[in-house]
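**Q** One file: query18.cif (mmCIF, C-alpha atoms).
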```cif
data_work
loop_
_atom_site.label_atom_id
_atom_site.label_comp_id
_atom_site.auth_asym_id
_atom_site.auth_seq_id
_atom_site.Cartn_x
_atom_site.Cartn_y
_atom_site.Cartn_z
CA ALA Y 1 -38.44 14.95 -98.66
CA PRO Y 2 -41.14 17.43 -97.67
CA GLY Y 3 -41.59 18.59 -101.25
CA ASP Y 4 -41.21 21.80 -103.21
CA ARG Y 5 -43.10 24.95 -102.28
CA GLN Y 6 -45.14 26.40 -105.12
CA SER Y 7 -46.94 29.65 -105.86
CA SER Y 8 -50.03 28.09 -107.41
CA THR Y 9 -51.88 24.82 -107.05
CA MET Y 10 -52.41 24.43 -110.79
CA SER Y 11 -49.12 24.80 -112.63
CA LYS Y 12 -49.21 25.89 -116.24
CA ALA Y 13 -48.56 22.87 -118.41
CA PRO Y 14 -45.58 23.45 -120.74
CA ASN Y 15 -45.41 21.73 -124.13
CA GLY Y 16 -48.77 20.02 -123.71
CA ALA Y 17 -47.91 18.44 -120.35
CA LEU Y 18 -50.80 17.76 -117.98
CA PRO Y 19 -51.52 20.41 -115.35
CA GLU Y 20 -50.39 19.70 -111.80
CA PHE Y 21 -52.05 20.79 -108.58
CA ALA Y 22 -50.62 21.32 -105.10
CA MET Y 23 -51.67 20.84 -101.49
CA LEU Y 24 -52.28 23.49 -98.83
CA ILE Y 25 -50.10 22.92 -95.76
CA ASP Y 26 -49.68 25.58 -93.08
CA GLY Y 27 -50.88 28.30 -95.43
CA THR Y 28 -48.38 27.37 -98.16
CA LEU Y 29 -49.06 25.64 -101.48
CA THR Y 30 -46.98 22.48 -101.58
CA LYS Y 31 -46.21 19.83 -104.18
CA SER Y 32 -44.78 16.38 -103.64
CA GLU Y 33 -42.16 14.32 -105.43
CA GLU Y 34 -44.81 11.68 -106.13
CA LYS Y 35 -48.03 12.34 -108.01
CA PHE Y 36 -50.97 10.42 -109.43
CA GLY Y 37 -53.24 10.86 -112.41
CA VAL Y 38 -56.84 12.04 -112.17
CA ILE Y 39 -59.18 10.52 -114.75
CA ASN Y 40 -61.96 12.32 -116.58
CA PRO Y 41 -64.80 9.74 -116.45
CA SER Y 42 -66.25 10.93 -119.75
CA SER Y 43 -63.08 10.07 -121.67
CA GLY Y 44 -61.41 7.55 -119.39
CA GLU Y 45 -58.16 9.48 -119.74
CA VAL Y 46 -55.91 11.23 -117.23
CA PHE Y 47 -56.28 14.99 -117.61
CA ALA Y 48 -54.34 16.30 -114.59
CA HIS Y 49 -52.02 15.23 -111.80
CA ALA Y 50 -52.46 15.52 -108.03
CA PRO Y 51 -49.70 15.21 -105.45
CA HIS Y 52 -49.28 12.06 -103.38
CA ALA Y 53 -48.33 13.37 -99.95
CA THR Y 54 -45.38 11.94 -98.09
CA GLN Y 55 -45.61 10.93 -94.45
CA ALA Y 56 -43.55 13.98 -93.57
CA GLN Y 57 -46.06 16.24 -95.35
CA VAL Y 58 -49.04 14.70 -93.56
CA ASP Y 59 -47.21 15.09 -90.26
CA GLU Y 60 -46.47 18.70 -91.19
CA ALA Y 61 -50.14 19.36 -91.95
CA VAL Y 62 -51.25 17.89 -88.61
CA ALA Y 63 -48.55 19.83 -86.74
CA ALA Y 64 -49.64 23.05 -88.48
CA ALA Y 65 -53.28 22.42 -87.59
CA LYS Y 66 -52.34 21.64 -83.99
CA LYS Y 67 -50.26 24.80 -83.71
CA ALA Y 68 -53.02 26.93 -85.27
CA PHE Y 69 -55.60 25.43 -82.92
CA ARG Y 70 -53.90 26.92 -79.88
CA SER Y 71 -54.73 30.44 -81.03
CA TRP Y 72 -57.80 29.74 -83.21
CA GLN Y 73 -59.83 28.26 -80.34
CA ALA Y 74 -59.35 31.50 -78.41
CA VAL Y 75 -60.66 33.69 -81.23
CA PRO Y 76 -64.19 34.88 -80.36
CA LEU Y 77 -66.98 33.07 -82.16
CA SER Y 78 -68.08 36.32 -83.82
CA GLU Y 79 -64.62 36.75 -85.37
CA ARG Y 80 -64.48 33.14 -86.52
CA LYS Y 81 -67.81 33.72 -88.25
CA LEU Y 82 -66.36 36.76 -89.99
CA ALA Y 83 -63.48 34.58 -91.18
CA MET Y 84 -65.94 32.04 -92.58
CA ALA Y 85 -67.74 34.89 -94.32
CA LYS Y 86 -64.41 35.69 -96.03
CA VAL Y 87 -64.14 32.03 -96.99
CA LYS Y 88 -67.61 32.13 -98.54
CA GLU Y 89 -66.84 35.37 -100.36
CA ALA Y 90 -63.70 33.87 -101.92
CA TYR Y 91 -65.55 30.65 -102.74
CA ASP Y 92 -68.47 32.46 -104.38
CA GLN Y 93 -66.10 34.22 -106.79
CA HIS Y 94 -65.02 30.84 -108.20
CA ARG Y 95 -68.26 28.85 -108.22
CA ASP Y 96 -68.47 28.44 -112.01
CA GLU Y 97 -64.81 27.40 -112.20
CA LEU Y 98 -65.27 24.82 -109.45
CA ALA Y 99 -68.40 23.43 -111.12
CA ASP Y 100 -66.50 22.99 -114.40
CA LEU Y 101 -63.62 21.25 -112.61
CA LEU Y 102 -66.07 19.03 -110.74
CA VAL Y 103 -67.61 17.89 -114.02
CA ARG Y 104 -64.19 16.98 -115.39
CA GLU Y 105 -63.00 14.96 -112.40
CA GLN Y 106 -66.28 13.47 -111.16
CA GLY Y 107 -68.37 13.16 -114.30
CA LYS Y 108 -71.73 14.56 -113.19
CA PRO Y 109 -73.68 16.87 -115.54
CA LEU Y 110 -72.87 20.57 -115.31
CA ALA Y 111 -76.30 21.43 -113.91
CA SER Y 112 -75.79 18.91 -111.09
CA ALA Y 113 -72.29 20.22 -110.44
CA LYS Y 114 -73.57 23.79 -110.20
CA GLY Y 115 -76.27 22.59 -107.82
CA GLU Y 116 -73.67 20.95 -105.59
CA VAL Y 117 -71.48 24.05 -105.60
CA ALA Y 118 -74.48 26.22 -104.70
CA GLY Y 119 -75.50 23.81 -101.96
CA ALA Y 120 -72.01 24.01 -100.45
CA ALA Y 121 -72.31 27.80 -100.38
CA GLY Y 122 -75.53 27.34 -98.43
CA LEU Y 123 -73.69 25.15 -95.92
CA MET Y 124 -71.14 27.91 -95.40
CA LYS Y 125 -73.97 30.35 -94.72
CA LYS Y 126 -75.44 27.94 -92.15
CA ALA Y 127 -72.04 27.62 -90.49
CA ILE Y 128 -71.80 31.40 -90.22
CA GLU Y 129 -75.18 31.41 -88.45
CA LEU Y 130 -74.27 28.63 -85.98
CA THR Y 131 -74.82 29.11 -82.28
CA VAL Y 132 -73.95 26.66 -79.53
CA PRO Y 133 -75.80 27.79 -76.40
CA PRO Y 134 -75.11 26.02 -73.10
CA GLU Y 135 -77.34 23.04 -72.29
CA VAL Y 136 -78.87 23.75 -68.90
CA TYR Y 137 -79.50 20.58 -66.87
CA SER Y 138 -80.49 22.28 -63.61
CA ASP Y 139 -81.14 25.87 -62.61
CA THR Y 140 -82.40 26.43 -59.08
CA ALA Y 141 -81.99 29.05 -56.40
CA THR Y 142 -78.91 27.26 -55.09
CA ARG Y 143 -77.21 25.76 -58.14
CA ARG Y 144 -76.92 25.82 -61.90
CA ILE Y 145 -75.60 22.91 -63.94
CA GLU Y 146 -74.88 23.43 -67.62
CA VAL Y 147 -72.86 21.84 -70.39
CA VAL Y 148 -70.66 24.20 -72.39
CA ARG Y 149 -69.23 22.79 -75.62
CA LYS Y 150 -65.59 23.54 -76.35
CA PRO Y 151 -63.52 23.07 -79.54
CA ILE Y 152 -62.07 19.57 -79.87
CA GLY Y 153 -58.80 20.25 -81.71
CA VAL Y 154 -57.54 18.96 -85.04
CA VAL Y 155 -60.27 17.36 -87.17
CA ALA Y 156 -59.36 14.97 -89.99
CA ALA Y 157 -62.00 15.30 -92.72
CA ILE Y 158 -62.02 12.28 -95.06
CA THR Y 159 -64.41 12.96 -97.91
CA PRO Y 160 -66.01 10.97 -100.78
CA TRP Y 161 -66.02 11.14 -104.57
CA ASN Y 162 -69.76 11.39 -105.22
CA PHE Y 163 -70.40 14.83 -103.66
CA PRO Y 164 -66.83 15.94 -103.03
CA ILE Y 165 -67.46 19.65 -102.50
CA PHE Y 166 -70.76 19.46 -100.61
CA CYS Y 167 -69.65 16.72 -98.19
CA SER Y 168 -66.34 18.47 -97.55
CA VAL Y 169 -67.84 21.87 -96.76
CA ALA Y 170 -70.35 20.11 -94.49
CA LYS Y 171 -67.36 18.96 -92.44
CA PHE Y 172 -64.87 21.80 -92.45
CA ALA Y 173 -67.15 24.88 -92.33
CA PRO Y 174 -68.86 24.17 -88.97
CA ALA Y 175 -65.67 22.67 -87.52
CA ILE Y 176 -63.70 25.85 -88.24
CA VAL Y 177 -66.45 28.22 -87.10
CA LEU Y 178 -66.66 26.36 -83.79
CA GLY Y 179 -62.95 26.77 -83.13
CA ASN Y 180 -61.38 23.62 -84.54
CA THR Y 181 -58.72 23.27 -87.22
CA VAL Y 182 -58.91 20.85 -90.14
CA VAL Y 183 -56.78 18.54 -92.25
CA TRP Y 184 -58.88 17.65 -95.28
CA LYS Y 185 -58.13 14.53 -97.31
CA PRO Y 186 -60.41 14.13 -100.36
CA SER Y 187 -61.07 10.98 -102.36
CA PRO Y 188 -58.26 10.08 -104.80
CA PHE Y 189 -60.92 10.02 -107.54
CA THR Y 190 -61.85 13.69 -106.96
CA PRO Y 191 -58.89 15.51 -105.40
CA LEU Y 192 -58.73 18.49 -107.74
CA THR Y 193 -61.68 20.52 -106.49
CA ALA Y 194 -60.28 20.17 -102.95
CA LEU Y 195 -56.84 21.30 -104.03
CA ARG Y 196 -58.26 24.22 -106.00
CA MET Y 197 -60.39 25.23 -103.02
CA GLY Y 198 -57.28 25.13 -100.86
CA GLU Y 199 -55.71 27.71 -103.16
CA ILE Y 200 -58.85 29.84 -103.33
CA LEU Y 201 -59.25 29.89 -99.53
CA GLN Y 202 -55.53 30.20 -98.77
CA SER Y 203 -55.64 33.84 -97.70
CA ALA Y 204 -59.10 33.75 -96.09
CA LEU Y 205 -57.95 31.87 -92.98
CA PRO Y 206 -54.85 31.97 -90.79
CA PRO Y 207 -52.14 29.45 -91.77
CA GLY Y 208 -52.84 25.96 -90.47
CA VAL Y 209 -56.56 26.41 -89.80
CA LEU Y 210 -57.41 24.57 -93.05
CA ASN Y 211 -54.96 22.15 -94.65
CA VAL Y 212 -55.54 20.00 -97.75
CA VAL Y 213 -53.53 16.83 -98.38
CA THR Y 214 -54.10 14.28 -101.13
CA GLY Y 215 -52.97 10.77 -101.87
CA ASP Y 216 -53.51 7.74 -104.07
CA ASP Y 217 -54.81 4.83 -102.02
CA LYS Y 218 -52.93 2.39 -104.27
CA GLN Y 219 -49.54 3.74 -103.18
CA ARG Y 220 -47.44 2.06 -100.49
CA PHE Y 221 -47.92 5.01 -98.14
CA ASN Y 222 -51.64 5.47 -97.45
CA VAL Y 223 -52.32 9.11 -96.62
CA GLY Y 224 -55.79 8.53 -95.16
CA ALA Y 225 -54.73 5.62 -92.96
CA HIS Y 226 -51.82 7.60 -91.52
CA LEU Y 227 -53.99 10.65 -90.94
CA THR Y 228 -56.79 8.80 -89.15
CA SER Y 229 -54.37 7.03 -86.81
CA HIS Y 230 -52.28 10.14 -86.16
CA ALA Y 231 -51.79 11.00 -82.49
CA GLY Y 232 -52.17 14.71 -83.26
CA VAL Y 233 -55.70 14.30 -84.62
CA SER Y 234 -58.49 14.69 -82.06
CA LYS Y 235 -61.46 13.73 -84.24
CA VAL Y 236 -62.08 11.99 -87.56
CA SER Y 237 -65.11 12.77 -89.70
CA PHE Y 238 -65.51 10.28 -92.55
CA THR Y 239 -67.95 9.85 -95.41
CA GLY Y 240 -67.43 6.81 -97.63
CA SER Y 241 -67.67 3.05 -97.84
CA VAL Y 242 -68.44 0.61 -95.04
CA PRO Y 243 -65.14 -1.33 -95.36
CA THR Y 244 -63.07 1.86 -95.09
CA GLY Y 245 -65.26 3.10 -92.24
CA LYS Y 246 -64.56 -0.09 -90.31
CA LYS Y 247 -60.82 0.43 -90.74
CA ILE Y 248 -61.12 4.01 -89.53
CA MET Y 249 -63.13 2.99 -86.48
CA SER Y 250 -60.50 0.40 -85.64
CA ALA Y 251 -57.71 2.98 -86.03
CA CYS Y 252 -59.54 5.50 -83.85
CA SER Y 253 -60.10 2.93 -81.11
CA SER Y 254 -56.37 2.70 -80.35
CA ASP Y 255 -56.40 6.10 -78.61
CA VAL Y 256 -60.19 6.46 -78.20
CA LYS Y 257 -60.27 9.20 -80.84
CA ARG Y 258 -63.64 10.79 -81.50
CA VAL Y 259 -65.06 9.65 -84.81
CA THR Y 260 -68.13 10.28 -86.97
CA LEU Y 261 -68.83 7.75 -89.71
CA GLU Y 262 -71.26 8.35 -92.58
CA MET Y 263 -71.04 5.15 -94.57
CA GLY Y 264 -72.75 3.75 -97.63
CA GLY Y 265 -76.23 2.33 -97.28
CA ASN Y 266 -79.39 1.54 -99.20
CA ASP Y 267 -81.36 4.67 -98.24
CA ALA Y 268 -83.89 2.58 -96.37
CA ALA Y 269 -87.40 3.93 -95.85
CA ILE Y 270 -90.20 2.56 -93.66
CA VAL Y 271 -93.54 2.40 -95.48
CA ARG Y 272 -96.46 1.93 -93.10
CA LYS Y 273 -99.78 0.28 -93.94
CA ASP Y 274 -101.72 3.54 -94.10
CA VAL Y 275 -99.43 5.02 -96.78
CA ASP Y 276 -100.54 5.48 -100.39
CA VAL Y 277 -97.67 3.54 -101.99
CA LYS Y 278 -98.24 4.86 -105.51
CA ALA Y 279 -98.18 8.45 -104.29
CA MET Y 280 -95.25 7.96 -101.90
CA ALA Y 281 -92.90 5.87 -104.07
CA PRO Y 282 -91.87 8.74 -106.40
CA LYS Y 283 -91.10 10.93 -103.37
CA VAL Y 284 -88.94 8.24 -101.74
CA PHE Y 285 -86.92 7.56 -104.87
CA SER Y 286 -86.74 11.06 -106.35
#
```
Mind turning this structure into structure tokens?

**A**
Amino acid sequence: APGDRQSSTMSKAPNGALPEFAMLIDGTLTKSEEKFGVINPSSGEVFAHAPHATQAQVDEAVAAAKKAFRSWQAVPLSERKLAMAKVKEAYDQHRDELADLLVREQGKPLASAKGEVAGAAGLMKKAIELTVPPEVYSDTATRRIEVVRKPIGVVAAITPWNFPIFCSVAKFAPAIVLGNTVVWKPSPFTPLTALRMGEILQSALPPGVLNVVTGDDKQRFNVGAHLTSHAGVSKVSFTGSVPTGKKIMSACSSDVKRVTLEMGGNDAAIVRKDVDVKAMAPKVFS
């Protein structure tokens, strides 16, 4: 079943029940028959529920993004930037709320959460200022050869738990400004800030331009795996672990889907012989 349509992502919890959030699909807030608990790391206890999307709901989100892309790609860049400015305006009005929610689901200190939320606002501002001029390869009296970049289509944004807001905005803000549409699937450990942002940004963009779907990776139906192998998705942008990145690359190879992988590493740094190690070490590891 596609699920029940709701008027708010965070339902009021009657009789002490845990609050429930909802997904954003085609401009509508949507719950699912299945849900999963979200744990507050400071207490180790479930404090809210997120929906586990069905296959039909993921398909609906991709179809909505694909439909929206047909018109969104034709919107002038200046107007898409104005739309992102509306996104930032709506986001800025809820920054403290999002920081508090981030602390509860991710566990970082409030100061760090506020820093992440502020950094994401900065990424939106950068997206609004984006320009993509043609790359001129040859310009003579008889010919001109240039590369003009066009929107790709539906982008699947698969985002991590450690910086869930910052890494997500880094994906969807420039993608949308440059004429693409997005289906955003956050980590099952930190789905609530994504779902809340879906509600906050619901009216700032046309239906289908930004969709948010969530899922528990332990369930039989894996939302992320289905999304990354979906024929309607033109590009996958992933931040997360190496094992999951390998699976995504394999899935994308079946139809030569464009893919960007930002996977876990050891933050390697090259220290040359002429470097003052004592002076440089704090800068490398700060």

**Q** Give as a ChimeraX atom specification the residues that the PyMOL selection byres ((chain Y and resi 247) around 12) matches when applied to the coordinates above.

**A** /Y:224-226,228-229,238,240-246,248-254,259,261,263

**Q** So what does the PyMOL selection byres ((chain Y and resi 24) around 9) actually pick up in this one, as a list in words?

**A**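 With the shown file as input, the PyMOL selection byres ((chain Y and resi 24) around 9) matches Thr9, Ala22, Met23, Ile25, Asp26, Gly27, Thr28, Leu29, Thr30, Lys31, Ala61, Leu195, Gly198, Glu199, Gln202, Gly208, Leu210, Asn211, Val212 and Val213 of chain Y.
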
**Q** Produce a file of the selected residues containing C-alpha atoms, as a PDB file, keeping the file's coordinate frame.

**A**
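Below you can see out03.pdb, which holds the result:
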```
ATOM      1  CA  THR Y   9     -51.880  24.820-107.050  1.00  0.00           C
ATOM      2  CA  ALA Y  22     -50.620  21.320-105.100  1.00  0.00           C
ATOM      3  CA  MET Y  23     -51.670  20.840-101.490  1.00  0.00           C
ATOM      4  CA  ILE Y  25     -50.100  22.920 -95.760  1.00  0.00           C
ATOM      5  CA  ASP Y  26     -49.680  25.580 -93.080  1.00  0.00           C
ATOM      6  CA  GLY Y  27     -50.880  28.300 -95.430  1.00  0.00           C
ATOM      7  CA  THR Y  28     -48.380  27.370 -98.160  1.00  0.00           C
ATOM      8  CA  LEU Y  29     -49.060  25.640-101.480  1.00  0.00           C
ATOM      9  CA  THR Y  30     -46.980  22.480-101.580  1.00  0.00           C
ATOM     10  CA  LYS Y  31     -46.210  19.830-104.180  1.00  0.00           C
ATOM     11  CA  ALA Y  61     -50.140  19.360 -91.950  1.00  0.00           C
ATOM     12  CA  LEU Y 195     -56.840  21.300-104.030  1.00  0.00           C
ATOM     13  CA  GLY Y 198     -57.280  25.130-100.860  1.00  0.00           C
ATOM     14  CA  GLU Y 199     -55.710  27.710-103.160  1.00  0.00           C
ATOM     15  CA  GLN Y 202     -55.530  30.200 -98.770  1.00  0.00           C
ATOM     16  CA  GLY Y 208     -52.840  25.960 -90.470  1.00  0.00           C
ATOM     17  CA  LEU Y 210     -57.410  24.570 -93.050  1.00  0.00           C
ATOM     18  CA  ASN Y 211     -54.960  22.150 -94.650  1.00  0.00           C
ATOM     19  CA  VAL Y 212     -55.540  20.000 -97.750  1.00  0.00           C
ATOM     20  CA  VAL Y 213     -53.530  16.830 -98.380  1.00  0.00           C
TER      21      VAL Y 213
END
```

**Q** So how many Å separate CA of Ala64 in chain Y and CA of Val177 in chain Y, to one decimal?

**A** 17.6 Å

**Q** Taking the file above as input, evaluate the PyMOL selection byres ((chain Y and resi 66) around 12) and report the hits as an NGL selection string.

**A** :Y and (26 or 59-65 or 67-73 or 152-156 or 179-183 or 207-211 or 230-234)

**Q** Could you tell me how far CA of Pro51 in chain Y sits from CA of Pro19 in chain Y, in Å to one decimal place?

**A**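 These two atoms are separated by 11.3 Å.
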
**Q** Find the residues near Thr131 in chain Y: any atom within 9 Å, counting all atoms listed in the file, skip ones fewer than 4 places away on the same chain, and give them as a list in words.

**A**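 Returned residues: Leu77, Ala127 and Leu178 of chain Y.
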
**Q** Just the number, please: distance in Å from CA of Ala53 in chain Y to CA of Val223 in chain Y, one decimal.

**A**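 Rounded to one decimal, the two atoms are 6.7 Å apart.
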